[in-house]
Amino acid sequence: MKIFLIGYMGSGKSHTGKELAKLLNLQFIDLDQLIETEENKTISEIFETKSEKYFRILEKYYLETTHKIKDAVIACGGGTPCFYENMSWMNENGMTIYLRTQPTVLVERLLPEIEKRPLLKGKSEKQLIDYISDKLEDRSEWYEQAQIIYHQVSQHEEIAPKLKEHLDKLQEV
C-alpha cells in the first residue's frame, strides 16, 4: 500500500504521515525532507538560489522516484499536486488523501514558523489568511482529485487513527 498525503502547508501531512505509517507498519517518507537531503539544501535555499520553477522540477523528479517503493506513507509538499500532472501520477501510483484544513487553523499553525516558509515570509496575519484562502481556492482543482478527502474539524484532532480505521474498512470491501 502506498499512500500520498496532500494538502496545504500546515495541514499536518508530516505529523499525520508519521503516525499513520507507524499504525499501518509502513515506511514514512517526507518528500520535502527527501529533497533537502538529496540536494543538500533547504527548500528555502532552493527557492532563493534557484527558483520556484526549479524546485517544482526537482519535486516532480523525487516524487517519481517513489514509484519503486511499494509500502509507504508519503507526505507531499503543499504544491506537489498542482504541477506537472503530479496529482494524476499519484492517483495512478497509490492512494491519495487530502487533509482539508480551514484557513484559520492553517494560519494558527503557520504563524510561528512564517520565516521558514518561502511563500509566506514577511506577510502579516491578515495578509496570511487572505493569501492562504486564495491559494486553497486556486489549488482546490487538484486537491479535490484525491481519492479520500479528510475534513479536519479542529487544530488538535488526532487524524491518523481515523484514517487507519477508514483504510481498514476499505480493505474489507
# chains A, B, ... in the order shown; residues from 1 in each chain; ligands from 1
$ select_by_dssp --residues "region 1-48 of chain A" --states "alpha helix (DSSP H)" --output "list in words"
Lys13, Ser14, His15, Thr16, Gly17, Lys18, Glu19, Leu20, Ala21, Lys22, Leu23, Leu24, Leu31, Asp32, Gln33, Leu34, Ile35, Glu36, Thr37, Glu38, Glu39, Ile43, Ser44, Glu45, Ile46, Phe47 and Glu48 of chain A
$ select_by_dssp --residues "chain A" --states "strand (DSSP E or B)" --output "number ranges by chain"
A: 2-6, 27-30, 72-75, 95-100, 148-151
$ write_last_selection --atoms "C-alpha atoms" --output "CSV table (one decimal), in the first residue's frame"
chain,number,residue,atom,x,y,z
A,2,LYS,CA,1.3,3.4,-1.0
A,3,ILE,CA,-0.4,6.5,0.4
A,4,PHE,CA,0.2,10.1,-0.7
A,5,LEU,CA,-0.9,12.7,1.8
A,6,ILE,CA,-1.6,16.1,0.2
A,27,GLN,CA,7.8,3.3,5.8
A,28,PHE,CA,7.3,7.1,6.1
A,29,ILE,CA,8.8,9.5,3.5
A,30,ASP,CA,8.6,13.3,3.7
A,72,ALA,CA,4.9,3.8,2.4
A,73,VAL,CA,3.1,6.8,3.5
A,74,ILE,CA,4.5,9.8,1.6
A,75,ALA,CA,3.9,13.4,2.9
A,95,MET,CA,-3.9,6.2,-2.8
A,96,THR,CA,-4.2,10.0,-2.3
A,97,ILE,CA,-5.6,11.5,0.8
A,98,TYR,CA,-6.3,15.3,1.0
A,99,LEU,CA,-6.1,16.7,4.6
A,100,ARG,CA,-8.5,19.5,4.1
A,148,ILE,CA,-10.1,10.4,0.1
A,149,ILE,CA,-10.8,13.9,1.4
A,150,TYR,CA,-10.5,14.2,5.2
A,151,HIS,CA,-12.1,17.3,6.7
$ residues_around --residues "Leu136 (chain A)" --least-positions-apart "2" --cutoff "10 Å" --atoms "only C-alpha atoms" --output "PyMOL selection string"
chain A and resi 7-8+78+100-103+130-134+138-143
$ write_last_selection --atoms "N, CA and C atoms" --output "PDB file, in the first residue's frame"
ATOM      1  N   GLY A   7      -2.195  18.318   0.806  1.00  0.00           N
ATOM      2  CA  GLY A   7      -2.897  19.384   1.491  1.00  0.00           C
ATOM      3  C   GLY A   7      -1.990  20.584   1.596  1.00  0.00           C
ATOM      4  N   TYR A   8      -2.549  21.676   2.036  1.00  0.00           N
ATOM      5  CA  TYR A   8      -1.784  22.917   2.125  1.00  0.00           C
ATOM      6  C   TYR A   8      -0.740  22.805   3.232  1.00  0.00           C
ATOM      7  N   GLY A  78       2.930  21.069  -0.110  1.00  0.00           N
ATOM      8  CA  GLY A  78       1.618  21.652  -0.374  1.00  0.00           C
ATOM      9  C   GLY A  78       1.315  21.885  -1.840  1.00  0.00           C
ATOM     10  N   ARG A 100      -7.879  18.239   4.315  1.00  0.00           N
ATOM     11  CA  ARG A 100      -8.516  19.545   4.120  1.00  0.00           C
ATOM     12  C   ARG A 100      -8.585  20.279   5.464  1.00  0.00           C
ATOM     13  N   THR A 101      -8.053  21.493   5.485  1.00  0.00           N
ATOM     14  CA  THR A 101      -7.925  22.249   6.726  1.00  0.00           C
ATOM     15  C   THR A 101      -8.417  23.676   6.518  1.00  0.00           C
ATOM     16  N   GLN A 102      -9.138  24.213   7.490  1.00  0.00           N
ATOM     17  CA  GLN A 102      -9.651  25.572   7.407  1.00  0.00           C
ATOM     18  C   GLN A 102      -8.504  26.591   7.429  1.00  0.00           C
ATOM     19  N   PRO A 103      -8.633  27.688   6.675  1.00  0.00           N
ATOM     20  CA  PRO A 103      -7.586  28.715   6.647  1.00  0.00           C
ATOM     21  C   PRO A 103      -7.205  29.250   8.027  1.00  0.00           C
ATOM     22  N   ASP A 130      -5.579  35.916   3.902  1.00  0.00           N
ATOM     23  CA  ASP A 130      -6.036  36.183   2.530  1.00  0.00           C
ATOM     24  C   ASP A 130      -5.253  35.335   1.531  1.00  0.00           C
ATOM     25  N   TYR A 131      -3.937  35.274   1.721  1.00  0.00           N
ATOM     26  CA  TYR A 131      -3.066  34.504   0.828  1.00  0.00           C
ATOM     27  C   TYR A 131      -3.438  33.015   0.858  1.00  0.00           C
ATOM     28  N   ILE A 132      -3.587  32.469   2.063  1.00  0.00           N
ATOM     29  CA  ILE A 132      -3.920  31.050   2.202  1.00  0.00           C
ATOM     30  C   ILE A 132      -5.295  30.755   1.608  1.00  0.00           C
ATOM     31  N   SER A 133      -6.260  31.611   1.867  1.00  0.00           N
ATOM     32  CA  SER A 133      -7.615  31.413   1.306  1.00  0.00           C
ATOM     33  C   SER A 133      -7.570  31.399  -0.217  1.00  0.00           C
ATOM     34  N   ASP A 134      -6.822  32.345  -0.796  1.00  0.00           N
ATOM     35  CA  ASP A 134      -6.683  32.396  -2.259  1.00  0.00           C
ATOM     36  C   ASP A 134      -6.002  31.143  -2.794  1.00  0.00           C
ATOM     37  N   ASP A 138      -7.306  28.341  -5.397  1.00  0.00           N
ATOM     38  CA  ASP A 138      -6.558  28.026  -6.627  1.00  0.00           C
ATOM     39  C   ASP A 138      -6.221  26.540  -6.718  1.00  0.00           C
ATOM     40  N   ARG A 139      -5.853  25.960  -5.599  1.00  0.00           N
ATOM     41  CA  ARG A 139      -5.371  24.570  -5.587  1.00  0.00           C
ATOM     42  C   ARG A 139      -6.486  23.539  -5.452  1.00  0.00           C
ATOM     43  N   SER A 140      -7.694  23.983  -5.154  1.00  0.00           N
ATOM     44  CA  SER A 140      -8.791  23.034  -4.929  1.00  0.00           C
ATOM     45  C   SER A 140      -9.006  22.136  -6.143  1.00  0.00           C
ATOM     46  N   GLU A 141      -8.771  22.651  -7.322  1.00  0.00           N
ATOM     47  CA  GLU A 141      -8.912  21.872  -8.560  1.00  0.00           C
ATOM     48  C   GLU A 141      -8.076  20.587  -8.495  1.00  0.00           C
ATOM     49  N   TRP A 142      -6.897  20.660  -7.896  1.00  0.00           N
ATOM     50  CA  TRP A 142      -6.022  19.488  -7.778  1.00  0.00           C
ATOM     51  C   TRP A 142      -6.301  18.718  -6.495  1.00  0.00           C
ATOM     52  N   TYR A 143      -6.399  19.431  -5.387  1.00  0.00           N
ATOM     53  CA  TYR A 143      -6.622  18.764  -4.100  1.00  0.00           C
ATOM     54  C   TYR A 143      -7.895  17.908  -4.119  1.00  0.00           C
TER      55      TYR A 143
END
$ residues_around --residues "Gly77 (chain A)" --least-positions-apart "6" --cutoff "12 Å" --atoms "only C-alpha atoms" --output "PyMOL selection string"
chain A and resi 4-14+29-35+43+55-56+58-60+62-63+83+86-87+98+117+143
$ write_last_selection --atoms "C-alpha atoms" --output "compact mmCIF listing (two decimals), in the first residue's frame"
# COMPACT_ATOMS: atom_id res chain seq x y z
CA PHE A 4 0.23 10.07 -0.68
CA LEU A 5 -0.87 12.72 1.84
CA ILE A 6 -1.63 16.05 0.23
CA GLY A 7 -2.90 19.38 1.49
CA TYR A 8 -1.78 22.92 2.12
CA MET A 9 1.31 23.63 4.22
CA GLY A 10 0.43 23.33 7.88
CA SER A 11 -2.33 20.79 7.27
CA GLY A 12 -0.39 18.16 9.22
CA LYS A 13 0.85 15.94 6.42
CA SER A 14 4.21 15.16 8.05
CA ILE A 29 8.77 9.50 3.55
CA ASP A 30 8.57 13.27 3.75
CA LEU A 31 9.05 14.48 0.18
CA ASP A 32 10.42 17.88 1.26
CA GLN A 33 12.95 16.21 3.60
CA LEU A 34 13.95 13.82 0.82
CA ILE A 35 14.62 16.76 -1.49
CA ILE A 43 13.65 24.23 0.44
CA PHE A 55 12.16 23.46 -7.15
CA ARG A 56 8.97 22.16 -8.81
CA LEU A 58 13.10 18.68 -8.52
CA GLU A 59 9.89 17.91 -6.65
CA LYS A 60 8.46 16.02 -9.64
CA TYR A 62 11.85 12.98 -6.42
CA LEU A 63 8.13 12.23 -6.32
CA PHE A 83 2.37 20.94 -11.02
CA ASN A 86 1.74 15.13 -10.29
CA MET A 87 -1.79 14.59 -8.99
CA TYR A 98 -6.29 15.27 1.04
CA ARG A 117 8.31 29.25 4.66
CA TYR A 143 -6.62 18.76 -4.10
